[in-house]
Amino acid sequence: MDREDRFEADALPHMRSLFGTAYRMTGNRHDAEDLVQETYLRAYRGFDRFEPGTDIRAWLFTILYRTRTDAFRRKGRSPRTVELADEGGPAVPPPQDALSAEGDLSRALSRIPETFRAAVVLRDVEEFSYDEIARILGIPIGTVMSRIHRGRGLLRQALTGAGGAQ
Amino acid sequence: MTCVPERVSGFVDGALAASERVELEAHVAACGACAEQAEAEREIRRRLEALPSVELPPGLEARVRRRLRRRRFGALRWALPLAASLAFLVLWARGSPAVVARELAFDHVKCFRKGRVPAKVLTSDALRVRGWFSAQGTRMPLLPDAAARLEVVGARYCPLPDGSFVPHVYYVGDGGRRISLFVLDRRVRLADGYRTTFLGETVHMLRAGGLTVGLVGEHAADVDAFRRRFASTTALRLSELAPAPHGH
């Protein structure tokens with residue numbers, strides 16, 4: 001298996017998870033698609049630097065986050081709070097009450113600043129460890145801890161505001 | 001201990017070191033506010049973990065694969081014509097008498113500059129030289145033992161810049177006169193031979209029985225005398241080998 005085949009076999013299975021996070025970061029499917037495509041192109045270019053045997057999923061998320069922050073740097077602005085569009089429905093429609101609760105949660109998540117949202121999504125949706133999140137975001141573990149704490153707090157407030165707190 | 005809310009998050013996520021965890025566990029058990037925070041964070045985490053994954057847009061994977069392939073073969077888009085041009089250039093150079101003559105002159109000068117010529121076979125017998133090349137599977141024309149008062153001393157394979165190895169036979173005469181005879185088993189674009197001077201050496205190239213022979217020497221007169229002797233040797237042996245004509 002050559003380098004290209006190895007990249008496709010190892011990296012492409014993580015697309016769904018990358019797209020989910022990209023969507024929660026950007027707030028719309030179009031930007032999320034662009035972010036995922038750019039992430040894969042960058043990952044492909046840097047695949048020689050990836051150490052086989054280490055976690056490729058965490059490596060891909062690191063590139064995703066860098067691609068996102070680089071895009072902001074180019075545009076000269078910082079990550080902002082986004083409202084999730086309604087188009088981002090789940091794959092299988094859940095029951096109506098669950099749908100409403102999930103909708104509230106997703107909208108509440110989209111209303112907190114991206115800095116905190118990224119940490120919370122990586123921990124609670126993608127289930128990365130604090131160590132991995134520190135590497136992905138390029139910040140110390142103590143900062144990861146405080147961002148997750150702040151993020152969850154803001155999320156609770158947002159849920160209360162949306163009337164979705166349970 | 002005093003309440004540190006960030007550490008409660010780390011405690012909830014099992015991200016604390018063992019000693020810190022024990023300490024926090026005791027604190028959370030005793031502190032109502034921290035216990036409430038821990039429970040609220042667990043609840044948030046549980047709800048986020050239960051969120052269904054976002055549906056992948058149809059065709060995204062295909063688009064990513066297409067862009068990766070384009071990048072993969074994008075390099076080949078210019079590499080292929082470049083390789084083709086280089087191959088053409090190499091082929092052109094291999095058949096160009098001007099290029100080949102310079103290569104031969106350069107090698108002649110390089111080999112004779114050394115105190116002793118780099119030979120694989122050292123002999124004054126031209127038949128032995130020819131036999132040695134035949135044993136390696138290389139076709140050779142008939143060679144004179146001596147010509148223009150120059151005698152064969154040895155031979156070897158000479159590496160040319162295109163990666164080929166061609167027979168190189170050394171002839172030496174009195175007064176430091178030297179001639180190299182190269183045999184190329186390929187077509188060089190010669191009309192009635194080719195002659196040039198390079199690095200102070202006269203190079204004369206001619207065709208002999210489907211082979212290209214290059215003669216290199218410092219003195220043009222030696223090269224000409226050698227060429228005549230070589231031509232007569234080849235002609236003589238070829239006529240000896242040819243079947244006798246049938247009389248009428």
# chains A, B, ... in the order shown; residues from 1 in each chain; ligands from 1
call {"tool": "residues_around", "arguments": {"residues": "Thr21 (chain A)", "least_positions_apart": "6", "cutoff": "12 Å", "atoms": "only C-alpha atoms", "output": "PyMOL selection string"}}
result
(chain A and resi 14-15+27-29+31-33+35-36+60-62+64-65+68+88+106+109-110+114+117-127) or (chain B and resi 53-56)
call {"tool": "write_last_selection", "arguments": {"atoms": "C-alpha atoms", "output": "mmCIF file, in the first residue's frame"}}
result
data_model
loop_
_atom_site.group_PDB
_atom_site.id
_atom_site.type_symbol
_atom_site.label_atom_id
_atom_site.label_comp_id
_atom_site.auth_asym_id
_atom_site.auth_seq_id
_atom_site.Cartn_x
_atom_site.Cartn_y
_atom_site.Cartn_z
ATOM 1 C CA HIS A 14 -12.834 10.004 10.453
ATOM 2 C CA MET A 15 -14.673 12.334 8.106
ATOM 3 C CA GLY A 27 -22.483 26.899 12.236
ATOM 4 C CA ASN A 28 -23.337 25.997 8.646
ATOM 5 C CA ARG A 29 -22.860 23.017 6.415
ATOM 6 C CA ASP A 31 -18.396 26.327 5.646
ATOM 7 C CA ALA A 32 -18.080 23.007 7.450
ATOM 8 C CA GLU A 33 -17.614 21.209 4.112
ATOM 9 C CA LEU A 35 -13.184 23.297 6.400
ATOM 10 C CA VAL A 36 -13.206 19.496 6.162
ATOM 11 C CA LEU A 60 -6.662 15.288 12.019
ATOM 12 C CA PHE A 61 -8.518 17.342 14.635
ATOM 13 C CA THR A 62 -5.327 19.328 15.293
ATOM 14 C CA LEU A 64 -8.900 21.003 11.537
ATOM 15 C CA TYR A 65 -8.511 23.445 14.402
ATOM 16 C CA ARG A 68 -10.024 27.101 11.277
ATOM 17 C CA GLY A 88 -28.001 20.323 10.488
ATOM 18 C CA SER A 106 -27.357 22.292 19.716
ATOM 19 C CA LEU A 109 -23.982 25.200 22.109
ATOM 20 C CA SER A 110 -23.828 27.414 19.034
ATOM 21 C CA GLU A 114 -16.093 29.327 19.924
ATOM 22 C CA ARG A 117 -17.326 25.648 22.484
ATOM 23 C CA ALA A 118 -14.310 23.968 20.858
ATOM 24 C CA ALA A 119 -13.040 22.684 24.216
ATOM 25 C CA VAL A 120 -16.479 21.389 25.258
ATOM 26 C CA VAL A 121 -17.184 19.745 21.883
ATOM 27 C CA LEU A 122 -13.789 18.033 21.836
ATOM 28 C CA ARG A 123 -14.357 16.721 25.374
ATOM 29 C CA ASP A 124 -18.066 15.929 25.543
ATOM 30 C CA VAL A 125 -18.987 15.183 21.925
ATOM 31 C CA GLU A 126 -15.749 13.773 20.539
ATOM 32 C CA GLU A 127 -14.630 12.400 23.930
ATOM 33 C CA SER B 53 -23.775 12.713 15.107
ATOM 34 C CA VAL B 54 -24.219 15.288 12.375
ATOM 35 C CA GLU B 55 -25.163 13.772 9.050
ATOM 36 C CA LEU B 56 -22.356 13.790 6.509
#
call {"tool": "select_by_dssp", "arguments": {"residues": "region 24-88 of chain A", "states": "helix (DSSP H, G or I)", "output": "JSON list (two decimals) with C-alpha atoms, in the first residue's frame"}}
result
[["chain", "number", "residue", "atom", "x", "y", "z"],
["A", 24, "ARG", "CA", -20.47, 22.90, 15.33],
["A", 25, "MET", "CA", -17.57, 25.32, 14.91],
["A", 26, "THR", "CA", -18.73, 27.09, 11.75],
["A", 29, "ARG", "CA", -22.86, 23.02, 6.41],
["A", 30, "HIS", "CA", -21.25, 24.87, 3.55],
["A", 31, "ASP", "CA", -18.40, 26.33, 5.65],
["A", 32, "ALA", "CA", -18.08, 23.01, 7.45],
["A", 33, "GLU", "CA", -17.61, 21.21, 4.11],
["A", 34, "ASP", "CA", -14.93, 23.68, 3.06],
["A", 35, "LEU", "CA", -13.18, 23.30, 6.40],
["A", 36, "VAL", "CA", -13.21, 19.50, 6.16],
["A", 37, "GLN", "CA", -11.92, 19.52, 2.58],
["A", 38, "GLU", "CA", -9.14, 21.95, 3.44],
["A", 39, "THR", "CA", -8.27, 19.86, 6.50],
["A", 40, "TYR", "CA", -7.88, 16.74, 4.40],
["A", 41, "LEU", "CA", -5.75, 18.49, 1.79],
["A", 42, "ARG", "CA", -3.46, 19.87, 4.47],
["A", 43, "ALA", "CA", -3.31, 16.52, 6.23],
["A", 44, "TYR", "CA", -2.41, 14.85, 2.94],
["A", 45, "ARG", "CA", 0.39, 17.35, 2.33],
["A", 47, "PHE", "CA", 1.14, 13.04, 6.00],
["A", 48, "ASP", "CA", 4.92, 12.39, 5.94],
["A", 49, "ARG", "CA", 5.14, 14.14, 9.30],
["A", 56, "ILE", "CA", -4.53, 9.81, 13.51],
["A", 57, "ARG", "CA", -7.92, 11.07, 14.68],
["A", 58, "ALA", "CA", -6.34, 13.50, 17.17],
["A", 59, "TRP", "CA", -3.84, 14.54, 14.47],
["A", 60, "LEU", "CA", -6.66, 15.29, 12.02],
["A", 61, "PHE", "CA", -8.52, 17.34, 14.63],
["A", 62, "THR", "CA", -5.33, 19.33, 15.29],
["A", 63, "ILE", "CA", -5.18, 20.20, 11.59],
["A", 64, "LEU", "CA", -8.90, 21.00, 11.54],
["A", 65, "TYR", "CA", -8.51, 23.45, 14.40],
["A", 66, "ARG", "CA", -5.40, 25.04, 12.88],
["A", 67, "THR", "CA", -7.13, 25.40, 9.53],
["A", 68, "ARG", "CA", -10.02, 27.10, 11.28],
["A", 69, "THR", "CA", -7.82, 29.56, 13.21],
["A", 70, "ASP", "CA", -5.66, 30.25, 10.13],
["A", 71, "ALA", "CA", -8.81, 31.18, 8.20],
["A", 72, "PHE", "CA", -9.67, 33.67, 10.94],
["A", 73, "ARG", "CA", -6.15, 35.06, 10.93],
["A", 74, "ARG", "CA", -6.34, 35.61, 7.18],
["A", 75, "LYS", "CA", -9.62, 37.42, 7.55]]
call {"tool": "closest_atom_pairs", "arguments": {"of": "chain B", "to": "chain A", "cutoff": "8 Å", "atoms": "only C-alpha atoms", "output": "JSON lines"}}
result
{"residue": "B:Pro5", "atom": "CA", "partner": "A:His149", "partner_atom": "CA", "distance": 7.3}
{"residue": "B:Glu6", "atom": "CA", "partner": "A:Ser146", "partner_atom": "CA", "distance": 5.1}
{"residue": "B:Arg7", "atom": "CA", "partner": "A:Met145", "partner_atom": "CA", "distance": 7.1}
{"residue": "B:Ser9", "atom": "CA", "partner": "A:His149", "partner_atom": "CA", "distance": 5.6}
{"residue": "B:Gly10", "atom": "CA", "partner": "A:Met145", "partner_atom": "CA", "distance": 5.9}
{"residue": "B:Ala15", "atom": "CA", "partner": "A:Tyr130", "partner_atom": "CA", "distance": 6.5}
{"residue": "B:Glu41", "atom": "CA", "partner": "A:Arg152", "partner_atom": "CA", "distance": 6.6}
{"residue": "B:Ile44", "atom": "CA", "partner": "A:Arg152", "partner_atom": "CA", "distance": 7.0}
{"residue": "B:Arg45", "atom": "CA", "partner": "A:Asp124", "partner_atom": "CA", "distance": 5.4}
{"residue": "B:Arg46", "atom": "CA", "partner": "A:Asp124", "partner_atom": "CA", "distance": 7.8}
{"residue": "B:Leu48", "atom": "CA", "partner": "A:Val125", "partner_atom": "CA", "distance": 5.7}
{"residue": "B:Glu49", "atom": "CA", "partner": "A:Val125", "partner_atom": "CA", "distance": 5.1}
{"residue": "B:Leu51", "atom": "CA", "partner": "A:Glu102", "partner_atom": "CA", "distance": 6.5}
{"residue": "B:Pro52", "atom": "CA", "partner": "A:Pro90", "partner_atom": "CA", "distance": 5.8}
{"residue": "B:Ser53", "atom": "CA", "partner": "A:Pro90", "partner_atom": "CA", "distance": 6.3}
{"residue": "B:Val54", "atom": "CA", "partner": "A:Gly20", "partner_atom": "CA", "distance": 5.0}
{"residue": "B:Glu55", "atom": "CA", "partner": "A:Ala91", "partner_atom": "CA", "distance": 4.9}
{"residue": "B:Leu56", "atom": "CA", "partner": "A:Arg16", "partner_atom": "CA", "distance": 5.7}
{"residue": "B:Pro57", "atom": "CA", "partner": "A:Arg29", "partner_atom": "CA", "distance": 7.9}
{"residue": "B:Leu60", "atom": "CA", "partner": "A:Glu33", "partner_atom": "CA", "distance": 7.1}
{"residue": "B:Glu61", "atom": "CA", "partner": "A:Met15", "partner_atom": "CA", "distance": 7.5}
{"residue": "B:Val64", "atom": "CA", "partner": "A:Gln37", "partner_atom": "CA", "distance": 5.7}
{"residue": "B:Arg65", "atom": "CA", "partner": "A:Glu8", "partner_atom": "CA", "distance": 7.9}
{"residue": "B:Arg67", "atom": "CA", "partner": "A:Leu41", "partner_atom": "CA", "distance": 7.6}
{"residue": "B:Leu68", "atom": "CA", "partner": "A:Leu41", "partner_atom": "CA", "distance": 6.5}
{"residue": "B:Arg72", "atom": "CA", "partner": "A:Glu4", "partner_atom": "CA", "distance": 7.7}
call {"tool": "closest_residue", "arguments": {"among": "B:Gly173, B:Gly32, B:Pro118, B:Pro144", "to": "Gly217 (chain B)", "atoms": "only C-alpha atoms"}}
result
B:Gly173
call {"tool": "residues_around", "arguments": {"residues": "region 130-132 of chain B", "least_positions_apart": "4", "cutoff": "10 Å", "atoms": "only C-alpha atoms", "output": "list in words"}}
result
Lys120, Val121, Asp125, Ala126, Gln136, Gly137, Thr138, Arg139, Met140, Pro141, Leu142, Leu143, Ala155, Arg156, Pro167 and Val169 of chain B
call {"tool": "write_last_selection", "arguments": {"atoms": "C-alpha atoms", "output": "PDB file, in the first residue's frame"}}
result
ATOM      1  CA  LYS B 120      40.612  -4.032 -17.686  1.00  0.00           C
ATOM      2  CA  VAL B 121      42.711  -5.946 -20.167  1.00  0.00           C
ATOM      3  CA  ASP B 125      47.426  -8.322 -29.109  1.00  0.00           C
ATOM      4  CA  ALA B 126      44.368  -6.758 -30.789  1.00  0.00           C
ATOM      5  CA  GLN B 136      31.413 -10.043 -22.345  1.00  0.00           C
ATOM      6  CA  GLY B 137      28.926 -10.258 -25.201  1.00  0.00           C
ATOM      7  CA  THR B 138      30.051  -7.088 -26.964  1.00  0.00           C
ATOM      8  CA  ARG B 139      30.284  -6.964 -30.735  1.00  0.00           C
ATOM      9  CA  MET B 140      33.561  -5.415 -31.979  1.00  0.00           C
ATOM     10  CA  PRO B 141      34.984  -4.596 -35.421  1.00  0.00           C
ATOM     11  CA  LEU B 142      38.365  -6.066 -36.374  1.00  0.00           C
ATOM     12  CA  LEU B 143      41.142  -4.040 -34.777  1.00  0.00           C
ATOM     13  CA  ALA B 155      41.117  -1.748 -23.182  1.00  0.00           C
ATOM     14  CA  ARG B 156      38.184  -1.309 -20.860  1.00  0.00           C
ATOM     15  CA  PRO B 167      34.472  -0.356 -25.459  1.00  0.00           C
ATOM     16  CA  VAL B 169      40.800   0.613 -26.720  1.00  0.00           C
TER      17      VAL B 169
END
call {"tool": "closest_residue", "arguments": {"among": "B:Ala148, B:Met1, B:Ala40, B:Val213", "to": "Glu25 (chain B)", "atoms": "only C-alpha atoms"}}
result
B:Met1
call {"tool": "residues_around", "arguments": {"residues": "Arg187 (chain B)", "least_positions_apart": "3", "cutoff": "10 Å", "atoms": "only C-alpha atoms", "output": "mmCIF file with N, CA and C atoms, in the first residue's frame"}}
result
data_model
loop_
_atom_site.group_PDB
_atom_site.id
_atom_site.type_symbol
_atom_site.label_atom_id
_atom_site.label_comp_id
_atom_site.auth_asym_id
_atom_site.auth_seq_id
_atom_site.Cartn_x
_atom_site.Cartn_y
_atom_site.Cartn_z
ATOM 1 N N ARG B 94 22.209 11.317 -27.461
ATOM 2 C CA ARG B 94 22.852 10.026 -27.738
ATOM 3 C C ARG B 94 23.163 9.869 -29.225
ATOM 4 N N GLY B 95 22.341 10.512 -30.053
ATOM 5 C CA GLY B 95 22.543 10.361 -31.488
ATOM 6 C C GLY B 95 23.260 11.542 -32.119
ATOM 7 N N SER B 96 23.625 12.525 -31.306
ATOM 8 C CA SER B 96 24.255 13.719 -31.853
ATOM 9 C C SER B 96 25.772 13.545 -31.921
ATOM 10 N N PRO B 97 26.357 13.576 -33.130
ATOM 11 C CA PRO B 97 27.813 13.384 -33.228
ATOM 12 C C PRO B 97 28.587 14.443 -32.443
ATOM 13 N N LEU B 184 30.734 2.307 -30.450
ATOM 14 C CA LEU B 184 29.366 2.526 -29.951
ATOM 15 C C LEU B 184 28.402 1.645 -30.718
ATOM 16 N N LEU B 190 25.575 10.264 -38.410
ATOM 17 C CA LEU B 190 26.754 10.593 -39.218
ATOM 18 C C LEU B 190 26.363 10.502 -40.684
ATOM 19 N N ARG B 207 31.366 5.058 -39.494
ATOM 20 C CA ARG B 207 30.544 3.857 -39.355
ATOM 21 C C ARG B 207 31.360 2.654 -39.798
ATOM 22 N N GLY B 210 27.693 -1.377 -39.078
ATOM 23 C CA GLY B 210 26.553 -1.165 -38.176
ATOM 24 C C GLY B 210 26.955 -0.598 -36.834
ATOM 25 N N LEU B 211 28.252 -0.433 -36.614
ATOM 26 C CA LEU B 211 28.740 0.143 -35.354
ATOM 27 C C LEU B 211 29.260 1.547 -35.625
ATOM 28 N N THR B 212 29.341 2.330 -34.579
ATOM 29 C CA THR B 212 29.929 3.656 -34.717
ATOM 30 C C THR B 212 31.289 3.624 -34.020
#
call {"tool": "residues_around", "arguments": {"residues": "Val8 (chain B)", "least_positions_apart": "6", "cutoff": "8 Å", "atoms": "only C-alpha atoms", "output": "list of chain:residue names"}}
result
B:Leu24, B:Val28, B:Cys34, B:Gln37, B:Ala38
